[in-house]
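Source file input16.csv; content: CSV, C-alpha atoms.
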chain,number,residue,atom,x,y,z
A,693,MET,CA,107.3,161.8,-16.3
A,694,GLY,CA,107.9,158.1,-15.7
A,695,GLY,CA,110.6,157.8,-13.2
A,696,ALA,CA,113.1,155.2,-12.1
A,697,PRO,CA,113.0,155.4,-8.3
A,698,SER,CA,115.4,153.5,-6.2
A,699,LEU,CA,114.4,149.8,-5.7
A,700,ASN,CA,115.5,149.8,-2.1
A,701,LEU,CA,113.4,152.9,-1.4
A,702,LEU,CA,110.4,151.4,-3.1
A,703,HIS,CA,110.8,148.2,-1.1
A,704,SER,CA,110.9,150.2,2.1
A,705,LEU,CA,108.0,152.4,1.3
A,706,LEU,CA,105.8,149.5,0.2
A,707,ALA,CA,106.7,147.5,3.2
A,708,LEU,CA,105.9,150.3,5.6
A,709,LEU,CA,102.7,151.2,3.9
A,710,LEU,CA,101.4,147.7,3.7
A,711,ILE,CA,102.5,146.7,7.2
A,712,ALA,CA,100.6,149.7,8.5
A,713,THR,CA,97.6,148.8,6.4
A,714,LEU,CA,97.5,145.2,7.3
A,715,LEU,CA,97.7,145.9,11.0
A,716,ASP,CA,94.1,147.1,10.6
A,717,HIS,CA,93.3,144.2,8.2
A,718,PRO,CA,95.0,141.1,9.5
A,719,VAL,CA,95.9,138.3,7.1
A,720,ALA,CA,95.9,134.6,8.1
A,721,ALA,CA,99.1,133.7,9.7
A,722,SER,CA,99.8,130.9,7.2
A,723,SER,CA,99.7,133.5,4.4
A,724,ARG,CA,102.1,136.0,5.9
A,725,SER,CA,105.7,136.2,5.1
A,726,ARG,CA,108.5,138.6,5.8
A,727,PHE,CA,109.3,141.0,3.0
A,728,SER,CA,112.3,139.5,1.0
A,729,SER,CA,115.6,141.2,1.1
A,730,SER,CA,116.2,143.8,-1.5
A,731,THR,CA,119.0,141.7,-3.0
A,732,ALA,CA,116.7,138.7,-3.6
A,733,LEU,CA,114.0,141.0,-5.2
A,734,ASP,CA,116.6,142.9,-7.2
A,735,GLU,CA,117.7,139.6,-8.8
A,736,GLN,CA,114.1,138.8,-9.7
A,737,LEU,CA,113.4,142.2,-11.1
A,738,PHE,CA,116.5,142.1,-13.3
A,739,ASN,CA,115.1,138.9,-14.9
A,740,SER,CA,113.5,140.7,-17.9
A,741,ASN,CA,112.4,137.5,-19.5
A,742,ARG,CA,109.7,136.6,-17.0
A,743,GLU,CA,106.1,136.8,-18.2
A,744,TYR,CA,103.4,137.5,-15.6
A,745,PRO,CA,100.1,135.7,-16.3
A,746,VAL,CA,97.1,138.1,-16.4
A,747,GLN,CA,93.5,137.5,-17.3
A,748,GLU,CA,91.6,140.1,-19.3
A,749,HIS,CA,88.2,141.3,-17.9
A,750,TRP,CA,85.7,143.9,-18.8
A,751,PHE,CA,83.6,146.3,-16.6
A,752,ASN,CA,80.6,148.3,-17.6
A,753,ALA,CA,81.8,151.8,-16.7
A,754,THR,CA,79.4,154.8,-16.6
A,755,ILE,CA,80.2,157.2,-19.4
A,756,ASP,CA,79.1,160.3,-17.4
A,757,HIS,CA,79.4,159.9,-13.6
A,758,PHE,CA,78.3,163.5,-12.7
A,759,ASN,CA,75.2,164.5,-14.6
A,760,PHE,CA,71.6,163.4,-14.5
A,761,ARG,CA,71.2,163.9,-18.2
A,762,PRO,CA,71.6,160.4,-19.7
A,763,THR,CA,74.0,159.7,-22.5
A,764,THR,CA,72.9,157.7,-25.6
A,765,ASP,CA,74.7,154.7,-24.2
A,766,PRO,CA,74.9,154.9,-20.4
A,767,THR,CA,78.0,152.7,-20.1
A,768,PHE,CA,81.0,151.5,-22.0
A,769,PRO,CA,83.3,148.5,-21.7
A,770,LEU,CA,86.4,149.3,-19.6
A,771,ARG,CA,89.2,146.8,-19.9
A,772,TYR,CA,91.2,145.6,-16.9
A,773,PHE,CA,93.7,142.7,-16.2
A,774,VAL,CA,94.0,140.6,-13.1
A,775,ASN,CA,96.6,138.3,-11.7
A,776,GLU,CA,95.4,136.1,-8.9
A,777,GLU,CA,98.4,133.8,-8.8
A,778,HIS,CA,99.4,134.6,-5.2
A,779,TYR,CA,96.2,136.1,-3.9
A,780,ARG,CA,94.8,134.7,-0.6
A,781,GLU,CA,91.7,135.7,1.2
A,782,GLY,CA,92.4,138.7,3.4
A,783,GLY,CA,95.3,139.8,1.2
A,784,PRO,CA,95.4,143.3,-0.3
A,785,VAL,CA,94.7,144.3,-3.9
A,786,PHE,CA,97.4,146.1,-5.8
A,787,PHE,CA,95.6,148.3,-8.3
A,788,TYR,CA,97.5,150.1,-11.1
A,789,ALA,CA,95.8,153.3,-12.2
A,790,GLY,CA,96.1,153.3,-16.0
A,791,ASN,CA,98.0,156.1,-17.9
A,792,GLU,CA,97.4,157.7,-21.2
A,793,ALA,CA,98.2,154.5,-23.2
A,794,ASP,CA,97.2,150.9,-23.8
A,795,ILE,CA,97.2,149.2,-20.4
A,796,LEU,CA,99.2,146.3,-21.6
A,797,GLN,CA,102.2,148.6,-22.0
A,798,PHE,CA,102.2,149.0,-18.2
A,799,VAL,CA,101.4,145.3,-17.5
A,800,LYS,CA,104.5,144.3,-19.3
A,801,ASN,CA,106.8,146.9,-17.6
A,802,SER,CA,105.6,146.9,-13.9
A,803,GLY,CA,107.3,143.8,-12.5
A,804,PHE,CA,107.7,145.3,-9.1
A,805,MET,CA,104.0,145.0,-8.4
A,806,PHE,CA,104.0,141.3,-9.3
A,807,GLU,CA,107.1,140.6,-7.1
A,808,ALA,CA,105.5,142.5,-4.2
A,809,ALA,CA,102.3,140.5,-4.6
A,810,VAL,CA,104.3,137.3,-3.8
A,811,GLU,CA,105.3,138.7,-0.5
A,812,PHE,CA,101.8,140.0,0.5
A,813,ASN,CA,99.5,137.4,-1.1
A,814,ALA,CA,98.0,140.2,-3.1
A,815,MET,CA,95.8,140.3,-6.2
A,816,VAL,CA,97.2,142.5,-8.9
A,817,VAL,CA,94.9,144.6,-11.1
A,818,PHE,CA,95.7,146.9,-14.0
A,819,SER,CA,92.9,149.1,-15.2
A,820,GLU,CA,92.9,150.9,-18.5
A,821,HIS,CA,92.2,154.6,-18.7
A,822,ARG,CA,89.1,155.6,-20.6
A,823,TYR,CA,89.7,156.6,-24.2
A,824,TYR,CA,93.0,154.6,-24.4
A,825,GLY,CA,93.7,151.1,-25.6
A,826,LEU,CA,90.4,149.4,-26.2
A,827,SER,CA,88.4,151.3,-23.5
A,828,ASN,CA,86.7,153.9,-25.7
A,829,PRO,CA,83.3,155.1,-24.8
A,830,PHE,CA,82.2,155.7,-28.4
A,831,GLY,CA,84.2,153.0,-30.1
A,832,ASN,CA,87.8,153.1,-31.4
A,833,GLU,CA,86.8,155.0,-34.6
A,834,TYR,CA,84.6,157.7,-33.1
A,835,ALA,CA,85.9,158.4,-29.6
A,836,LEU,CA,87.7,161.5,-30.6
A,837,GLY,CA,85.7,162.4,-33.7
A,838,LYS,CA,83.3,164.8,-32.1
A,839,GLY,CA,83.4,167.5,-29.4
A,840,TYR,CA,80.6,165.9,-27.6
A,841,ASN,CA,82.4,162.5,-27.5
A,842,ILE,CA,85.6,163.9,-26.2
A,843,SER,CA,83.8,165.9,-23.5
A,844,PHE,CA,83.8,162.9,-21.2
A,845,LEU,CA,87.6,162.6,-21.2
A,846,SER,CA,88.6,164.2,-17.9
A,847,VAL,CA,90.6,163.4,-14.8
A,848,GLU,CA,87.5,163.4,-12.6
A,849,GLN,CA,85.6,160.9,-14.9
A,850,ALA,CA,88.7,158.6,-15.0
A,851,MET,CA,89.1,158.7,-11.2
A,852,GLN,CA,85.4,157.7,-10.8
A,853,ASP,CA,85.9,154.8,-13.2
A,854,PHE,CA,88.6,153.4,-10.9
A,855,ASN,CA,86.4,154.0,-7.8
A,856,THR,CA,83.5,152.1,-9.2
A,857,LEU,CA,85.8,149.3,-10.5
A,858,ASN,CA,87.1,149.1,-7.0
A,859,LEU,CA,83.6,148.3,-5.7
A,860,HIS,CA,82.9,145.9,-8.6
A,861,ILE,CA,86.0,143.9,-7.9
A,862,ARG,CA,85.1,143.6,-4.2
A,863,GLU,CA,81.7,142.1,-5.2
A,864,ARG,CA,83.0,139.9,-8.1
A,865,TRP,CA,85.7,138.3,-6.0
A,866,ASN,CA,83.4,137.9,-3.0
A,867,MET,CA,85.5,140.2,-0.8
A,868,THR,CA,82.3,141.3,0.9
A,869,ALA,CA,80.9,137.9,2.2
A,870,GLY,CA,80.1,137.8,5.9
A,871,LYS,CA,82.0,140.9,6.8
A,872,THR,CA,81.2,144.3,8.2
A,873,ARG,CA,79.0,146.3,5.8
A,874,THR,CA,79.0,150.0,5.0
A,875,PRO,CA,76.7,152.0,2.7
A,876,PHE,CA,79.3,151.2,0.0
A,877,GLY,CA,79.6,147.5,0.8
A,878,ASP,CA,82.4,145.8,2.8
A,879,LEU,CA,85.6,147.8,2.6
A,880,SER,CA,87.9,145.7,4.8
A,881,THR,CA,90.0,144.4,2.0
A,882,PRO,CA,92.8,147.0,1.5
A,883,PHE,CA,93.2,148.4,-2.0
A,884,ILE,CA,96.6,149.9,-2.7
A,885,LEU,CA,96.9,152.2,-5.7
A,886,PHE,CA,100.0,152.2,-7.9
A,887,GLY,CA,100.9,154.6,-10.7
A,888,GLY,CA,103.7,156.5,-12.4
A,889,SER,CA,103.8,159.9,-14.1
A,890,TYR,CA,100.2,160.8,-14.9
A,891,GLY,CA,99.1,157.5,-13.4
A,892,GLY,CA,101.0,158.5,-10.3
A,893,ASN,CA,99.1,161.7,-10.1
A,894,LEU,CA,95.9,159.8,-10.5
A,895,ALA,CA,96.9,157.4,-7.7
A,896,MET,CA,97.7,160.4,-5.4
A,897,TRP,CA,94.5,162.3,-6.2
A,898,ILE,CA,92.3,159.2,-5.8
A,899,ARG,CA,93.8,158.3,-2.4
A,900,LEU,CA,93.4,161.9,-1.2
A,901,LYS,CA,89.8,162.2,-2.4
A,902,HIS,CA,88.5,158.8,-1.6
A,903,PRO,CA,90.4,157.4,1.5
A,904,ASN,CA,87.3,155.3,2.3
A,905,LEU,CA,88.0,153.1,-0.8
A,906,TRP,CA,91.8,153.2,-1.0
A,907,ALA,CA,94.1,152.2,1.9
A,908,GLY,CA,97.2,153.8,0.3
A,909,ALA,CA,99.0,154.8,-2.8
A,910,ILE,CA,102.5,154.2,-4.3
A,911,ALA,CA,102.9,157.1,-6.6
A,912,SER,CA,106.1,157.3,-8.7
A,913,SER,CA,107.2,160.5,-10.5
A,914,VAL,CA,104.2,162.4,-9.3
A,915,THR,CA,104.3,166.0,-10.6
A,916,PRO,CA,101.8,168.2,-8.7
A,917,LEU,CA,104.2,171.1,-9.0
A,918,LYS,CA,105.2,170.3,-12.6
A,919,HIS,CA,105.3,174.0,-13.5
A,920,LEU,CA,108.1,174.5,-11.1
A,921,LEU,CA,110.3,172.0,-13.0
A,922,ARG,CA,109.9,174.1,-16.1
A,923,GLU,CA,110.2,177.5,-14.5
A,924,THR,CA,113.3,176.5,-12.5
A,925,ASN,CA,114.9,174.3,-15.2
A,926,GLY,CA,114.6,171.5,-12.7
A,927,PHE,CA,113.9,168.6,-15.0
A,928,THR,CA,116.6,169.4,-17.5
A,929,ARG,CA,119.1,169.7,-14.7
A,930,ILE,CA,118.1,166.3,-13.3
A,931,GLU,CA,118.3,164.8,-16.8
A,932,THR,CA,121.9,166.2,-17.2
A,933,GLU,CA,123.0,165.1,-13.8
A,934,ALA,CA,121.9,161.5,-14.5
A,935,TYR,CA,124.6,161.3,-17.2
A,936,GLY,CA,127.0,163.4,-15.1
A,937,ASN,CA,126.6,160.9,-12.2
A,938,VAL,CA,128.1,158.3,-14.5
A,939,SER,CA,130.8,160.6,-15.7
A,940,GLN,CA,130.9,164.4,-15.9
A,941,THR,CA,132.6,164.0,-19.2
A,942,CYS,CA,129.3,162.8,-20.8
A,943,PRO,CA,127.4,166.1,-20.5
A,944,ASP,CA,130.5,167.9,-21.8
A,945,LEU,CA,130.5,165.6,-24.8
A,946,VAL,CA,126.9,166.3,-25.5
A,947,ARG,CA,127.4,170.0,-25.3
A,948,GLN,CA,130.3,169.6,-27.8
A,949,GLY,CA,128.0,167.5,-30.0
A,950,TRP,CA,125.4,170.2,-30.2
A,951,LYS,CA,128.0,172.7,-31.2
A,952,GLU,CA,129.5,170.4,-33.9
A,953,LEU,CA,126.0,169.5,-35.2
A,954,TYR,CA,125.1,173.1,-36.0
A,955,GLU,CA,128.5,174.1,-37.2
A,956,GLN,CA,128.8,171.2,-39.6
A,957,ALA,CA,125.2,171.7,-40.9
A,958,GLU,CA,126.3,175.0,-42.4
A,959,THR,CA,128.3,173.4,-45.3
A,960,GLN,CA,127.9,170.6,-47.7
A,961,GLY,CA,131.1,168.9,-46.5
A,962,GLY,CA,129.9,169.3,-42.9
A,963,ARG,CA,126.5,167.8,-43.6
A,964,GLU,CA,128.2,164.8,-45.1
A,965,THR,CA,130.2,164.4,-41.9
A,966,VAL,CA,127.0,164.6,-39.9
A,967,ILE,CA,125.4,161.9,-42.1
A,968,GLU,CA,128.4,159.7,-41.7
A,969,LYS,CA,128.9,160.1,-37.9
A,970,LEU,CA,125.3,159.7,-37.0
A,971,HIS,CA,124.6,156.9,-39.5
A,972,LEU,CA,121.8,158.7,-41.3
A,973,CYS,CA,120.2,157.1,-44.4
A,974,ASP,CA,119.3,160.2,-46.4
A,975,SER,CA,122.3,162.1,-47.9
A,976,THR,CA,120.3,165.2,-48.9
A,977,ASP,CA,118.2,166.2,-45.9
A,978,VAL,CA,120.2,167.4,-42.9
A,979,HIS,CA,117.9,169.6,-40.7
A,980,ALA,CA,119.9,170.4,-37.6
A,981,PRO,CA,117.0,171.3,-35.3
A,982,SER,CA,115.2,168.0,-36.3
A,983,ILE,CA,118.4,166.0,-35.5
A,984,HIS,CA,118.7,168.0,-32.3
A,985,GLY,CA,115.1,167.2,-31.2
A,986,TRP,CA,115.5,163.6,-32.2
A,987,ILE,CA,118.5,163.0,-30.0
A,988,SER,CA,117.2,165.3,-27.2
A,989,ASN,CA,114.1,163.0,-27.1
A,990,ALA,CA,116.4,160.0,-26.7
A,991,LEU,CA,118.6,161.6,-23.9
A,992,GLU,CA,115.5,162.7,-22.0
A,993,THR,CA,113.5,159.5,-22.3
A,994,MET,CA,116.4,157.3,-21.2
A,995,VAL,CA,116.4,159.2,-17.9
A,996,GLN,CA,112.7,159.3,-17.6
A,997,TYR,CA,112.4,155.5,-18.2
A,998,GLY,CA,115.8,154.7,-16.7
A,999,TYR,CA,114.7,151.5,-15.0
A,1000,PRO,CA,117.4,149.1,-13.7
A,1001,TYR,CA,116.1,146.3,-16.0
A,1002,PRO,CA,115.4,146.2,-19.7
A,1003,THR,CA,112.1,147.7,-20.8
A,1004,ASN,CA,110.1,148.4,-24.0
A,1005,PHE,CA,107.8,151.3,-23.4
A,1006,TYR,CA,108.5,153.3,-26.6
A,1007,ASN,CA,111.7,151.4,-27.8
A,1008,PRO,CA,113.5,148.4,-26.4
A,1009,VAL,CA,116.3,149.7,-24.1
A,1010,PRO,CA,118.7,148.1,-21.7
A,1011,GLY,CA,118.6,148.5,-17.9
A,1012,PHE,CA,120.0,151.9,-16.8
A,1013,PRO,CA,120.0,153.0,-20.5
A,1014,PHE,CA,121.6,156.4,-19.6
A,1015,ARG,CA,124.5,154.6,-18.0
A,1016,VAL,CA,125.0,152.4,-21.1
A,1017,THR,CA,124.8,155.5,-23.3
A,1018,CYS,CA,127.4,157.4,-21.2
A,1019,LYS,CA,129.8,154.5,-21.4
A,1020,LYS,CA,129.5,154.5,-25.2
A,1021,MET,CA,130.1,158.2,-25.2
A,1022,LEU,CA,133.3,157.7,-23.2
A,1023,GLU,CA,134.5,155.1,-25.7
A,1024,ASP,CA,134.1,157.4,-28.7
A,1025,LYS,CA,135.2,160.7,-27.0
A,1026,THR,CA,133.8,163.0,-29.7
A,1027,GLY,CA,130.8,165.3,-29.8
A,1028,LEU,CA,129.0,163.8,-32.7
A,1029,GLY,CA,130.0,160.4,-31.4
A,1030,ALA,CA,128.2,161.2,-28.1
A,1031,LEU,CA,125.1,162.1,-30.0
A,1032,TYR,CA,125.3,158.9,-32.0
A,1033,ALA,CA,125.7,156.9,-28.8
A,1034,ALA,CA,122.4,158.3,-27.5
A,1035,ALA,CA,120.7,157.5,-30.8
A,1036,SER,CA,122.1,154.0,-31.1
A,1037,VAL,CA,121.1,152.9,-27.6
A,1038,TYR,CA,117.6,154.5,-27.6
A,1039,TYR,CA,116.5,154.0,-31.2
A,1040,ASN,CA,118.5,150.9,-32.3
A,1041,TYR,CA,119.5,148.9,-29.2
A,1042,THR,CA,118.2,145.6,-30.7
A,1043,GLY,CA,119.1,146.6,-34.3
A,1044,GLN,CA,115.5,147.4,-35.1
A,1045,ALA,CA,116.4,150.5,-37.0
A,1046,GLY,CA,118.8,148.7,-39.3
A,1047,SER,CA,122.1,150.0,-40.5
A,1048,CYS,CA,121.1,153.6,-40.7
A,1049,PHE,CA,118.4,156.0,-39.4
A,1050,ASP,CA,115.6,157.1,-41.7
A,1051,PHE,CA,114.8,160.8,-41.7
A,1052,SER,CA,111.0,160.2,-41.6
A,1053,SER,CA,111.5,158.6,-38.1
A,1054,ILE,CA,113.9,161.4,-37.1
A,1055,HIS,CA,111.4,164.1,-38.1
A,1056,LYS,CA,108.5,162.3,-36.3
A,1057,ASN,CA,110.4,162.0,-33.0
A,1058,ALA,CA,111.8,165.5,-33.3
A,1059,LYS,CA,108.4,167.0,-33.8
A,1060,ARG,CA,107.0,165.1,-30.8
A,1061,HIS,CA,109.8,166.4,-28.7
A,1062,TRP,CA,109.7,170.0,-29.7
A,1063,VAL,CA,105.9,170.2,-29.6
A,1064,ARG,CA,105.9,168.7,-26.1
A,1065,HIS,CA,108.3,171.4,-25.0
A,1066,GLY,CA,106.4,174.2,-26.9
A,1067,ARG,CA,109.4,174.9,-29.1
A,1068,TYR,CA,107.7,175.4,-32.5
A,1069,GLU,CA,110.4,177.7,-33.7
A,1070,TRP,CA,112.7,174.7,-33.9
A,1071,LEU,CA,110.5,172.7,-36.3
A,1072,ASP,CA,110.6,172.8,-40.0
A,1073,VAL,CA,106.8,172.7,-40.0
A,1074,GLN,CA,104.1,175.2,-39.0
A,1075,PRO,CA,102.6,175.3,-35.5
A,1076,PRO,CA,99.4,173.1,-35.3
A,1077,ALA,CA,97.1,176.1,-34.8
A,1078,PRO,CA,97.2,179.9,-35.0
A,1079,GLY,CA,98.4,181.5,-31.8
A,1080,LEU,CA,99.4,178.2,-30.2
A,1081,GLU,CA,103.1,178.9,-30.4
A,1082,GLN,CA,102.7,182.3,-28.7
A,1083,ARG,CA,100.4,180.8,-26.0
A,1084,SER,CA,102.8,178.0,-25.3
A,1085,ARG,CA,105.8,180.4,-25.1
A,1086,ARG,CA,103.9,182.8,-22.9
A,1087,LEU,CA,102.9,180.1,-20.5
A,1088,ALA,CA,106.4,178.6,-20.3
A,1089,GLY,CA,108.2,181.9,-20.4
A,1090,ASP,CA,111.1,182.7,-22.7
A,1091,VAL,CA,113.4,183.1,-19.7
A,1092,ALA,CA,112.6,179.6,-18.5
A,1093,TRP,CA,113.4,178.2,-22.0
A,1094,GLU,CA,116.7,180.0,-22.0
A,1095,GLU,CA,117.5,178.5,-18.6
A,1096,THR,CA,116.5,175.0,-19.9
A,1097,ASP,CA,118.9,175.4,-22.8
A,1098,ARG,CA,121.8,176.1,-20.5
A,1099,ALA,CA,121.7,172.8,-18.7
A,1100,TRP,CA,122.8,170.9,-21.8
A,1101,GLY,CA,124.3,173.9,-23.6
A,1102,TYR,CA,121.6,174.0,-26.2
A,1103,GLN,CA,122.5,177.5,-27.4
A,1104,THR,CA,124.2,177.4,-30.7
A,1105,TRP,CA,124.3,181.1,-31.6
As C-alpha cells - that is how I would like this structure written.
Amino acid sequence: MGGAPSLNLLHSLLALLLIATLLDHPVAASSRSRFSSSTALDEQLFNSNREYPVQEHWFNATIDHFNFRPTTDPTFPLRYFVNEEHYREGGPVFFYAGNEADILQFVKNSGFMFEAAVEFNAMVVFSEHRYYGLSNPFGNEYALGKGYNISFLSVEQAMQDFNTLNLHIRERWNMTAGKTRTPFGDLSTPFILFGGSYGGNLAMWIRLKHPNLWAGAIASSVTPLKHLLRETNGFTRIETEAYGNVSQTCPDLVRQGWKELYEQAETQGGRETVIEKLHLCDSTDVHAPSIHGWISNALETMVQYGYPYPTNFYNPVPGFPFRVTCKKMLEDKTGLGALYAAASVYYNYTGQAGSCFDFSSIHKNAKRHWVRHGRYEWLDVQPPAPGLEQRSRRLAGDVAWEETDRAWGYQTW
C-alpha cells in the first residue's frame, strides 16, 4: 500500500535520522544548512509543475547472486536515475528502492526526496526493480516467458541488486578516495534508503539485513503485518475513516450508493437510472458487481495514494483526492451521486475519460480490484486457475471478508 504520511512527520523523522547519521559523517560547514520549516517545504511540495532533472544510468547487475552455477548471461542491465544537482562531497545519498513498476513512475511522484536533498546536499538515486520497466534479465519479451527465467525474481535477489549498486555508486562517484577502507571499500558516505508500500518493505529489510551498507531507511506504508490488516478489517476501516474525517456523511452516502446500485440493477428502468447517474456509455451492460469493484477501486486507491499534492501514479488526481471526492459527494447528497463523485475524481479528473465511462475500462478495473481481494465470486469471469478461488478464500477467511464488507456496508442481500 502506498501511503500519504504526514509531511510534518516525515520532515521530523528525516531530520532526526539524518542529523544522527551525519554526526558520525560530518559534512563541510559551508555545505550545511538548517532544515527548512515545514511551511516552506510544504509550499514547494504543493508545486506539482516542478520537474526534477535526473540522468539515466545502467549497472551490470548479477542475475543470480546466490548460486555457483553460472547463468547463460551472468549479468543484466539494471536501470537507475541520478540527480546530482545539490550533491556536495560528504553529503548523503538518498536511494529509492524501486517497486513493482517502471522506476520513472516513482521519480515523477517522489518530490519529497528532491526537496530534502536541497537541505542535506544529497545525491538522489532511483533504482529500478529487476523484471520491471526496462530492467529485465532476459529481455522485455522473454523475462516472464519461461519458468527458469522467472525463477530469479525474488525479494532476496532484488535486495542484493541494490546492495551491489550501492557499492558501484561509491566507486563511480569516487566516494572512496583517500578514506578509511574496509573489505567492502570505503563506507563513510551515508546511504539512506527510501521506499513506499512494497518498496518500503524492501527499504526496511535491506537496512535490517545490511546495516554496514545503509545508514538508515525512511519506509512509508510498510506492511510487515499485512495479514493483520485483512484479518482485523484494519485497512478497510482506515479507508472509510479517511472519508469520514472529512465528513461522516460521506461513508453514509457510499453505503446508500451500494444499496441503490444493486436495487436499481434488478429492473430495466433501474438500470437506465444507473447508466444516467453514473454517466456510463453502454446502455445494455449493467453488471452491478463490476460497477461495485470499479468504484471500490477508486475509493481505495484515492486513500492509498492520497498525497497532499497532485499525482499521476495510475490516473491523474488532485491533492488529497479523497477530500475532493467527499466534498463532491456532499454537493450531490445522493447515493448514486456519491459513487459518481468517486468515479469522476479518480477516473476522469482531467477529462481523460470523455463524457461517459466505457464498460471495457470498468470491467478491467473491477477485475483487478476483486482479484486483488480474492473475491472471484464477484466477477463475471471465471477464476484464473482451478482451485485458486478456494485457496484465496481459505487464506483470507470468509469471516474476515464479511468483516471487511461491513466497514463500507458492502452487503446487499
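If you measure from each of A:Val817, A:Ile898, A:Cys1018, A:Ile884 to A:Cys942 using all atoms listed in the file, the closest one turns out to be A:Cys1018.
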- atom CA of A:Gly985 to atom CA of A:His1055, distance in Å rounded to a single decimal: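 Spanning atom CA of A:Gly985 to atom CA of A:His1055 is a straight-line distance of 8.4 Å.
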Close residues, A:Asn775 itself excluded, 10 Å, all atoms listed in the file, min 6 positions apart in chain, as a short mmCIF file (atom, residue, chain, number, x, y, z; two decimals) with C-alpha atoms, keeping the file's coordinate frame:
data_model
loop_
_atom_site.label_atom_id
_atom_site.label_comp_id
_atom_site.auth_asym_id
_atom_site.auth_seq_id
_atom_site.Cartn_x
_atom_site.Cartn_y
_atom_site.Cartn_z
CA TYR A 744 103.40 137.50 -15.60
CA PRO A 745 100.10 135.70 -16.30
CA VAL A 746 97.10 138.10 -16.40
CA GLN A 747 93.50 137.50 -17.30
CA GLU A 748 91.60 140.10 -19.30
CA PHE A 786 97.40 146.10 -5.80
CA PHE A 806 104.00 141.30 -9.30
CA ALA A 809 102.30 140.50 -4.60
CA ALA A 814 98.00 140.20 -3.10
CA MET A 815 95.80 140.30 -6.20
CA VAL A 816 97.20 142.50 -8.90
CA VAL A 817 94.90 144.60 -11.10
CA PHE A 818 95.70 146.90 -14.00
#
Can you build me a table of stretch 878-956 of chain A residues sitting at most 12 Å from stretch 782-785 of chain A, with the closest atom pair per residue and its distance in Å to one decimal, using all atoms listed in the file, sorted by chain and residue number, as a tab-separated table?
residue	atom	partner	partner_atom	distance
A:Leu879	CA	A:Pro784	CA	11.2
A:Ser880	CA	A:Gly782	CA	8.4
A:Thr881	CA	A:Pro784	CA	6.0
A:Pro882	CA	A:Pro784	CA	4.9
A:Phe883	CA	A:Val785	CA	4.8
A:Ile884	CA	A:Val785	CA	6.0
A:Leu885	CA	A:Val785	CA	8.4
A:Phe886	CA	A:Val785	CA	10.3
A:Leu905	CA	A:Val785	CA	11.5
A:Trp906	CA	A:Val785	CA	9.8
A:Ala907	CA	A:Pro784	CA	9.3
A:Gly908	CA	A:Pro784	CA	10.7
A:Ala909	CA	A:Val785	CA	11.4
- Item | Residue contacts of A:Tyr788 (10 Å, all atoms listed in the file) excluding same-chain residues fewer than 5 positions away, as a PyMOL selection string | chain A and resi 772-773+795+798-799+802+805+816-820+854+884-888+891-892+894-895+909-911
- Query: Do you have the atom CA of A:Tyr840-atom CA of A:Glu792 distance handy?
  - Reply: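 So the answer is 19.8 Å.
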- Could you tell me how far atom CA of A:His778 lies from atom CA of A:Met867, in Å and to one decimal?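 It comes out at 15.6 Å.
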